[in-house]
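**Student:** What follows is a structure written as structure tokens; I'll ask about it next.
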Amino acid sequence: MKIALIAHDRRKELMVKLSLAYQPILKEHELFATGTTGLKIAEATGLPVHRFKSGPLGGDQQIGAMISEDKLDMVIFLRDPLAAQPHEPDVTALIRLSDVYEIPLATNIGTAEILLRGLQAGFADFRNVVHETDNKPLSF
């Protein structure tokens with residue numbers, strides 16, 4: 001699966017810790033990240049990470065474009081809810097696109113951990129089913 005990893009400044013170290021803790025799961029997937037976050041993850045884990053621009057310079061929008069083109073399967077975005085962000089409209093748009101395209105999205109460490117453990121257990125396989133059925137309605 002293709003996973004985007006994004007973190008606001010005061011959450012970058014937490015993202016690095018999450019990436020180290022779940023490195024065995026993440027290494028099985030294709031990783032994408034905004035600028036500095038991707039650099040910190042790659043340096044700490046040795047995992048390959050495709051890096052976009054930093055969030056305020058358009059990185060959030062680049063990831064949003066991937067979502068709209070059905071080229072991402074999961075987003076982990078550790079947001080800082082206590083700090084004003086100069087690119088807040090981009091953040092809101094990214095969250096909206098995740099909802100529109102039904103992309104699993106974690107905005108805090110608790111949800112991120114559940115998504116990664118669920119990914120390992122196969123709970124995100126619905127993304128593969130959707131792709132296999134050419135986006136036809138599923139019947140269960």
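Chain labels A, B, ... are given in the sequence in which chains occur in the structure tokens; within each chain residues are numbered consecutively from 1, and ligands are likewise numbered from 1 in the order shown.
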Mind listing the alpha helix (DSSP H) residues of chain A, per DSSP on the backbone, as a ChimeraX atom specification?

**Tutor:** /A:12-21,23-26,35-45,59-68,88-100,109-121,126-132

**Student:** I'd like the neighbourhood of Lys40 (chain A) as a PyMOL selection string, where a residue qualifies if any of its atoms comes within 8 Å (using only C-alpha atoms), though same-chain residues fewer than 3 positions away should be ignored.

**Tutor:** chain A and resi 12+16+36-37+43-44

**Student:** In Å to one decimal, how far is CA of His8 (chain A) from CA of Asp80 (chain A)?

**Tutor:** 5.9 Å

**Student:** Nearest to Ile41 (chain A): which of A:Leu20, A:Ile109, A:Leu82, A:Ile25 is it, counting only C-alpha atoms?

**Tutor:**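 Ranked by minimum distance to Ile41 (chain A), first place goes to A:Leu20.
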
**Student:** Where in region 7-124 of chain A does DSSP assign strand (DSSP E or B), given as a list in words?

**Tutor:**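 So the strand (DSSP E or B) residues in region 7-124 of chain A would be Ala7, Glu30, Leu31, Phe32, Ala33, Val49, His50, Arg51, Met74, Val75, Ile76, Phe77, Leu78, Leu105 and Ala106 of chain A.
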
**Student:** Write a file of the just-selected residues containing N, CA, C and O atoms, as a CSV table (one decimal), in the first residue's frame.

**Tutor:**
```csv
chain,number,residue,atom,x,y,z
A,7,ALA,N,3.6,15.5,9.4
A,7,ALA,CA,3.6,15.9,10.8
A,7,ALA,C,3.9,17.4,10.9
A,7,ALA,O,4.8,17.9,10.2
A,30,GLU,N,5.0,1.4,0.4
A,30,GLU,CA,5.6,2.5,-0.2
A,30,GLU,C,5.2,3.8,0.6
A,30,GLU,O,4.1,4.1,0.8
A,31,LEU,N,6.3,4.5,1.0
A,31,LEU,CA,6.1,5.7,1.9
A,31,LEU,C,6.3,7.0,1.1
A,31,LEU,O,7.2,7.1,0.3
A,32,PHE,N,5.4,7.9,1.5
A,32,PHE,CA,5.5,9.3,0.9
A,32,PHE,C,5.4,10.2,2.1
A,32,PHE,O,4.7,9.9,3.1
A,33,ALA,N,6.0,11.4,2.0
A,33,ALA,CA,6.0,12.3,3.1
A,33,ALA,C,6.2,13.7,2.6
A,33,ALA,O,6.8,13.9,1.5
A,49,VAL,N,11.8,6.9,1.5
A,49,VAL,CA,10.6,7.8,1.6
A,49,VAL,C,10.6,8.7,0.4
A,49,VAL,O,11.6,9.5,0.2
A,50,HIS,N,9.5,8.7,-0.4
A,50,HIS,CA,9.4,9.7,-1.4
A,50,HIS,C,9.0,11.0,-0.8
A,50,HIS,O,8.0,11.1,-0.1
A,51,ARG,N,9.8,12.1,-0.9
A,51,ARG,CA,9.6,13.3,-0.3
A,51,ARG,C,9.0,14.4,-1.2
A,51,ARG,O,9.6,14.6,-2.3
A,74,MET,N,-3.5,5.4,2.4
A,74,MET,CA,-3.6,5.7,3.8
A,74,MET,C,-2.8,7.0,4.1
A,74,MET,O,-1.8,7.2,3.5
A,75,VAL,N,-3.3,7.8,5.0
A,75,VAL,CA,-2.6,9.0,5.4
A,75,VAL,C,-2.5,9.0,6.9
A,75,VAL,O,-3.5,8.9,7.6
A,76,ILE,N,-1.3,9.3,7.4
A,76,ILE,CA,-1.1,9.5,8.8
A,76,ILE,C,-0.5,11.0,8.9
A,76,ILE,O,0.5,11.3,8.4
A,77,PHE,N,-1.4,11.8,9.5
A,77,PHE,CA,-1.1,13.2,9.6
A,77,PHE,C,-1.1,13.7,11.0
A,77,PHE,O,-2.2,13.9,11.6
A,78,LEU,N,0.0,13.7,11.7
A,78,LEU,CA,0.1,14.1,13.1
A,78,LEU,C,0.0,15.6,13.2
A,78,LEU,O,1.0,16.3,13.0
A,105,LEU,N,-7.5,7.9,7.4
A,105,LEU,CA,-6.7,9.0,7.9
A,105,LEU,C,-6.6,9.0,9.4
A,105,LEU,O,-7.6,9.0,10.1
A,106,ALA,N,-5.4,9.1,9.9
A,106,ALA,CA,-5.1,9.3,11.3
A,106,ALA,C,-4.6,10.7,11.5
A,106,ALA,O,-3.7,11.1,10.8
```

**Student:** Separation of CA of Tyr22 (chain A) and CA of Asp73 (chain A), in Å?

**Tutor:** 17.1 Å

**Student:** Counting only C-alpha atoms, which of A:Gly118, A:Asp60, A:Phe52, A:Tyr101 gets nearest to Pro89 (chain A)?

**Tutor:**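 Closest residue, counting only C-alpha atoms: A:Asp60.
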
**Student:** Find, counting only C-alpha atoms, the residue in A:His87, A:Arg96, A:Arg117, A:Arg79 that gets nearest to Leu14 (chain A).

**Tutor:**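 Using only C-alpha atoms, Leu14 (chain A) sits closest to A:Arg79.
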
**Student:** Go ahead and compute the interatomic distance for CA of Gly35 (chain A) and CA of Ala21 (chain A), in Å to one decimal.

**Tutor:**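 If I compute the distance from CA of Gly35 (chain A) to CA of Ala21 (chain A), I get 20.9 Å.
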
**Student:** Which residue, A:Gly64, A:Gly38, A:Pro48, A:Gly58, has the smallest gap to Leu26 (chain A) when you use only C-alpha atoms?

**Tutor:**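 When distances to Leu26 (chain A) are compared using only C-alpha atoms, the smallest one comes from A:Pro48.
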
**Student:** A:Arg10, A:Lys2, A:Thr45, A:Glu28: which is nearest Ala84 (chain A), counting only C-alpha atoms?

**Tutor:**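 Counting only C-alpha atoms, the residue closest to Ala84 (chain A) is A:Arg10.
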